[in-house]
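Colleague: Starting off with a structure, shown below.
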Amino acid sequence: MKTDCRIGLVQMESIVGETERNFRKIIHLAEDAQRQNISVLCFPECALSGYSPKDASEIGANLDSTWIRRLRECSQDLGITLLVGFVEQRIDLSKPCISHVILSPGEEPSVYHKVHLGRSELDYFTPGDSFPIFSAHGMTFAVGICWDWHFPESAAIYSLKGAEVLFAPHASPKIAGDRNEIWLRYLGARAYDNSVYLGACNLIGSNGRAKEFSGGSLVLGPKGDLCGQSLMGEEGILAATLSADRINLIRSPERASMRDSFFLADRRKELYHELIELDIPVRRTEIKE
């Protein structure tokens with residue numbers, strides 16, 4: 001990282017089919033983030049369009065839409081990089097994507113498409129097929145959406161590509177349990193194993209279609225340590241300043257302490273071919289005559 005960076009993680013309510021309402025809320029939160037000197041602000045999965053897989057074909061926008069153009073103008077006016085989740089309609093695909101658009105001042109929009117779809121999403125969305133990294137405000141970062149983070153390989157790829165910060169926007173319902181508690185079970189490992197900062201956030205409240213979200217936001221350090229979390233049950237921003245010196249020391253070839261180890265630097269990739277060759281064994285059930 002070239003310099004310390006102040007990031008923000010948003011938990012917000014997003015109503016399916018009420019894009020204008022959601023948009024205005026995003027703008028309001030972005031203005032609040034500017035007052036807090038936040039440089040990169042991450043919104044939850046599908047924050048702009050609302051999250052409802054069965055309604056996916058009827059909602060959403062494309063990258064050339066008025067909504068994205070206006071968000072781009074907001075990013076430019078405020079001097080903030082916005083990471084905004086939405087349902088992306090694409091003319092080249094029969095089903096939309098769950099996407100996150102990256103809008104930085106003076107830059108063309110970039111986008112990440114959710115690679116690992118949950119089972120309830122498979123019938124309604126097209127999965128992404130790449131792991132891009134992005135740069136803004138002196139740091140290199142990547143985005144994974146919700147279910148993506150249950151797959152350790154994604155975080156390793158991002159770190160090996162140079163990502164210093166991982167963003168984990170979610171649309172996790174209340175029925176799945178308390179997000180902050182569950183995240184601490186596995187997101188800390190993603191940060192620790194790959195020597196990255198990690199920021200997670202979630203939708204909160206109702207989607208207007210009988211689904212309730214639990215909220216939650218937290219920031220983890222590159223040793224899996226908890227740097228900050230929000231326990232409030234309402235909309236808002238969790239802000240955290242990420243230290244460049246801390247991660248640069250870990251990533252430095254001259255690091256002298258085991259405490260500062262960058263584990264991926266010592267991996268033996270020539271032995272890992274089984275990782276892509278092996279699969280889950282299928283259990284055979286006995287057939288009774």
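Order determines the names: the first chain of the structure tokens is A, the second B, and so forth; residues in each chain are numbered 1 upward, and ligands are numbered 1 upward as they are shown.
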I'd like the neighbourhood of region 190-201 of chain A as an NGL selection string, where a residue qualifies if any of its atoms comes within 8 Å (using only C-alpha atoms), though same-chain residues fewer than 6 positions away should be ignored.

Modeller: :A and (9-11 or 42-44 or 149 or 152 or 155-156 or 159 or 163-170 or 215-224 or 242 or 247 or 250-251 or 262-264)

Colleague: Create the file for the chosen residues now, containing N, CA and C atoms and written as an mmCIF file, in the first residue's frame.

Modeller:
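Contents of the output file selection04.cif:
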```
data_model
loop_
_atom_site.group_PDB
_atom_site.id
_atom_site.type_symbol
_atom_site.label_atom_id
_atom_site.label_comp_id
_atom_site.auth_asym_id
_atom_site.auth_seq_id
_atom_site.Cartn_x
_atom_site.Cartn_y
_atom_site.Cartn_z
ATOM 1 N N LEU A 9 -17.631 0.496 5.520
ATOM 2 C CA LEU A 9 -18.489 -0.658 5.227
ATOM 3 C C LEU A 9 -19.920 -0.299 5.607
ATOM 4 N N VAL A 10 -20.830 -0.442 4.669
ATOM 5 C CA VAL A 10 -22.214 0.004 4.846
ATOM 6 C C VAL A 10 -23.137 -1.172 5.146
ATOM 7 N N GLN A 11 -24.018 -0.996 6.124
ATOM 8 C CA GLN A 11 -25.178 -1.876 6.226
ATOM 9 C C GLN A 11 -26.404 -1.002 5.969
ATOM 10 N N CYS A 42 -17.799 0.641 0.645
ATOM 11 C CA CYS A 42 -18.373 -0.596 0.104
ATOM 12 C C CYS A 42 -19.800 -0.787 0.589
ATOM 13 N N PHE A 43 -20.713 -0.999 -0.356
ATOM 14 C CA PHE A 43 -22.124 -1.264 -0.069
ATOM 15 C C PHE A 43 -22.398 -2.763 -0.179
ATOM 16 N N PRO A 44 -23.492 -3.237 0.423
ATOM 17 C CA PRO A 44 -23.796 -4.676 0.404
ATOM 18 C C PRO A 44 -24.144 -5.211 -0.989
ATOM 19 N N TRP A 149 -16.870 -16.261 -0.348
ATOM 20 C CA TRP A 149 -15.854 -16.326 0.694
ATOM 21 C C TRP A 149 -15.826 -17.651 1.444
ATOM 22 N N PRO A 152 -11.763 -20.923 -0.013
ATOM 23 C CA PRO A 152 -10.465 -20.321 0.322
ATOM 24 C C PRO A 152 -9.612 -19.979 -0.889
ATOM 25 N N ALA A 155 -9.607 -16.184 -2.109
ATOM 26 C CA ALA A 155 -8.790 -15.239 -1.359
ATOM 27 C C ALA A 155 -7.312 -15.415 -1.679
ATOM 28 N N ALA A 156 -6.872 -16.666 -1.840
ATOM 29 C CA ALA A 156 -5.466 -16.917 -2.165
ATOM 30 C C ALA A 156 -5.110 -16.341 -3.529
ATOM 31 N N SER A 159 -4.780 -12.527 -3.244
ATOM 32 C CA SER A 159 -3.556 -12.122 -2.569
ATOM 33 C C SER A 159 -2.342 -12.320 -3.465
ATOM 34 N N ALA A 163 -3.564 -8.212 -4.234
ATOM 35 C CA ALA A 163 -4.580 -7.525 -3.435
ATOM 36 C C ALA A 163 -4.137 -7.411 -1.984
ATOM 37 N N GLU A 164 -4.294 -6.231 -1.434
ATOM 38 C CA GLU A 164 -3.955 -5.959 -0.036
ATOM 39 C C GLU A 164 -5.195 -5.875 0.841
ATOM 40 N N VAL A 165 -6.332 -5.631 0.206
ATOM 41 C CA VAL A 165 -7.613 -5.505 0.908
ATOM 42 C C VAL A 165 -8.660 -6.309 0.145
ATOM 43 N N LEU A 166 -9.450 -7.068 0.877
ATOM 44 C CA LEU A 166 -10.558 -7.814 0.289
ATOM 45 C C LEU A 166 -11.865 -7.270 0.841
ATOM 46 N N PHE A 167 -12.825 -7.029 -0.037
ATOM 47 C CA PHE A 167 -14.144 -6.564 0.376
ATOM 48 C C PHE A 167 -15.141 -7.702 0.207
ATOM 49 N N ALA A 168 -15.990 -7.876 1.225
ATOM 50 C CA ALA A 168 -16.924 -9.002 1.265
ATOM 51 C C ALA A 168 -18.354 -8.518 1.492
ATOM 52 N N PRO A 169 -18.998 -7.956 0.464
ATOM 53 C CA PRO A 169 -20.398 -7.540 0.590
ATOM 54 C C PRO A 169 -21.331 -8.747 0.596
ATOM 55 N N HIS A 170 -22.371 -8.678 1.429
ATOM 56 C CA HIS A 170 -23.286 -9.807 1.611
ATOM 57 C C HIS A 170 -24.747 -9.387 1.474
ATOM 58 N N GLY A 215 -28.069 -7.640 8.814
ATOM 59 C CA GLY A 215 -27.076 -6.597 8.974
ATOM 60 C C GLY A 215 -25.746 -7.166 9.426
ATOM 61 N N GLY A 216 -24.829 -6.278 9.764
ATOM 62 C CA GLY A 216 -23.501 -6.686 10.210
ATOM 63 C C GLY A 216 -22.417 -6.041 9.377
ATOM 64 N N SER A 217 -21.332 -5.634 10.017
ATOM 65 C CA SER A 217 -20.157 -5.125 9.317
ATOM 66 C C SER A 217 -18.954 -5.279 10.231
ATOM 67 N N LEU A 218 -17.816 -5.588 9.651
ATOM 68 C CA LEU A 218 -16.587 -5.714 10.431
ATOM 69 C C LEU A 218 -15.374 -5.525 9.538
ATOM 70 N N VAL A 219 -14.235 -5.255 10.182
ATOM 71 C CA VAL A 219 -12.952 -5.124 9.495
ATOM 72 C C VAL A 219 -11.939 -5.992 10.215
ATOM 73 N N LEU A 220 -11.202 -6.793 9.447
ATOM 74 C CA LEU A 220 -10.186 -7.682 9.991
ATOM 75 C C LEU A 220 -8.812 -7.265 9.493
ATOM 76 N N GLY A 221 -7.810 -7.452 10.355
ATOM 77 C CA GLY A 221 -6.440 -7.145 9.988
ATOM 78 C C GLY A 221 -5.766 -8.296 9.295
ATOM 79 N N PRO A 222 -4.547 -8.102 8.766
ATOM 80 C CA PRO A 222 -3.850 -9.128 7.996
ATOM 81 C C PRO A 222 -3.323 -10.293 8.825
ATOM 82 N N LYS A 223 -3.587 -10.291 10.119
ATOM 83 C CA LYS A 223 -3.321 -11.460 10.954
ATOM 84 C C LYS A 223 -4.614 -12.023 11.531
ATOM 85 N N GLY A 224 -5.726 -11.699 10.880
ATOM 86 C CA GLY A 224 -7.023 -12.215 11.292
ATOM 87 C C GLY A 224 -7.602 -11.539 12.509
ATOM 88 N N LEU A 242 -6.835 1.785 7.500
ATOM 89 C CA LEU A 242 -5.940 0.659 7.293
ATOM 90 C C LEU A 242 -4.503 1.159 7.205
ATOM 91 N N ILE A 247 0.867 -3.742 6.634
ATOM 92 C CA ILE A 247 0.826 -4.773 5.590
ATOM 93 C C ILE A 247 2.087 -4.758 4.749
ATOM 94 N N ILE A 250 4.625 -6.999 6.367
ATOM 95 C CA ILE A 250 4.336 -8.417 6.150
ATOM 96 C C ILE A 250 4.705 -8.842 4.734
ATOM 97 N N ARG A 251 4.416 -7.983 3.778
ATOM 98 C CA ARG A 251 4.671 -8.311 2.377
ATOM 99 C C ARG A 251 6.143 -8.121 1.977
ATOM 100 N N PHE A 262 4.525 -13.789 5.623
ATOM 101 C CA PHE A 262 3.588 -13.780 4.490
ATOM 102 C C PHE A 262 3.574 -15.216 3.963
ATOM 103 N N PHE A 263 2.638 -16.014 4.445
ATOM 104 C CA PHE A 263 2.663 -17.457 4.239
ATOM 105 C C PHE A 263 2.673 -17.859 2.767
ATOM 106 N N LEU A 264 1.950 -17.132 1.924
ATOM 107 C CA LEU A 264 1.870 -17.507 0.520
ATOM 108 C C LEU A 264 3.226 -17.456 -0.174
#
```

Colleague: Pick out the residues sitting within 10 Å of Gly118 (chain A), and hand them over as a list in words; count only C-alpha atoms, and ignore anything fewer than 4 positions along from it in its own chain.

Modeller: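 The residues satisfying every condition are Lys114, Leu122, Asp123, Phe125, Pro127, Cys146, Trp147 and Asp148 of chain A.
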
Colleague: Which one is closest to Glu108 (chain A): A:Leu63, A:Val143, A:Val84, A:Gly236? Count only C-alpha atoms.

Modeller: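 Once distances to Glu108 (chain A) are computed over only C-alpha atoms, the minimum belongs to A:Leu63.
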
Colleague: Report the residues of region 108-176 of chain A whose backbone DSSP state falls under strand (DSSP E), written as JSON, numbers by chain.

Modeller: {"A": [110, 111, 112, 113, 134, 135, 136, 139, 140, 141, 142, 143, 165, 166, 167, 168, 169, 170]}
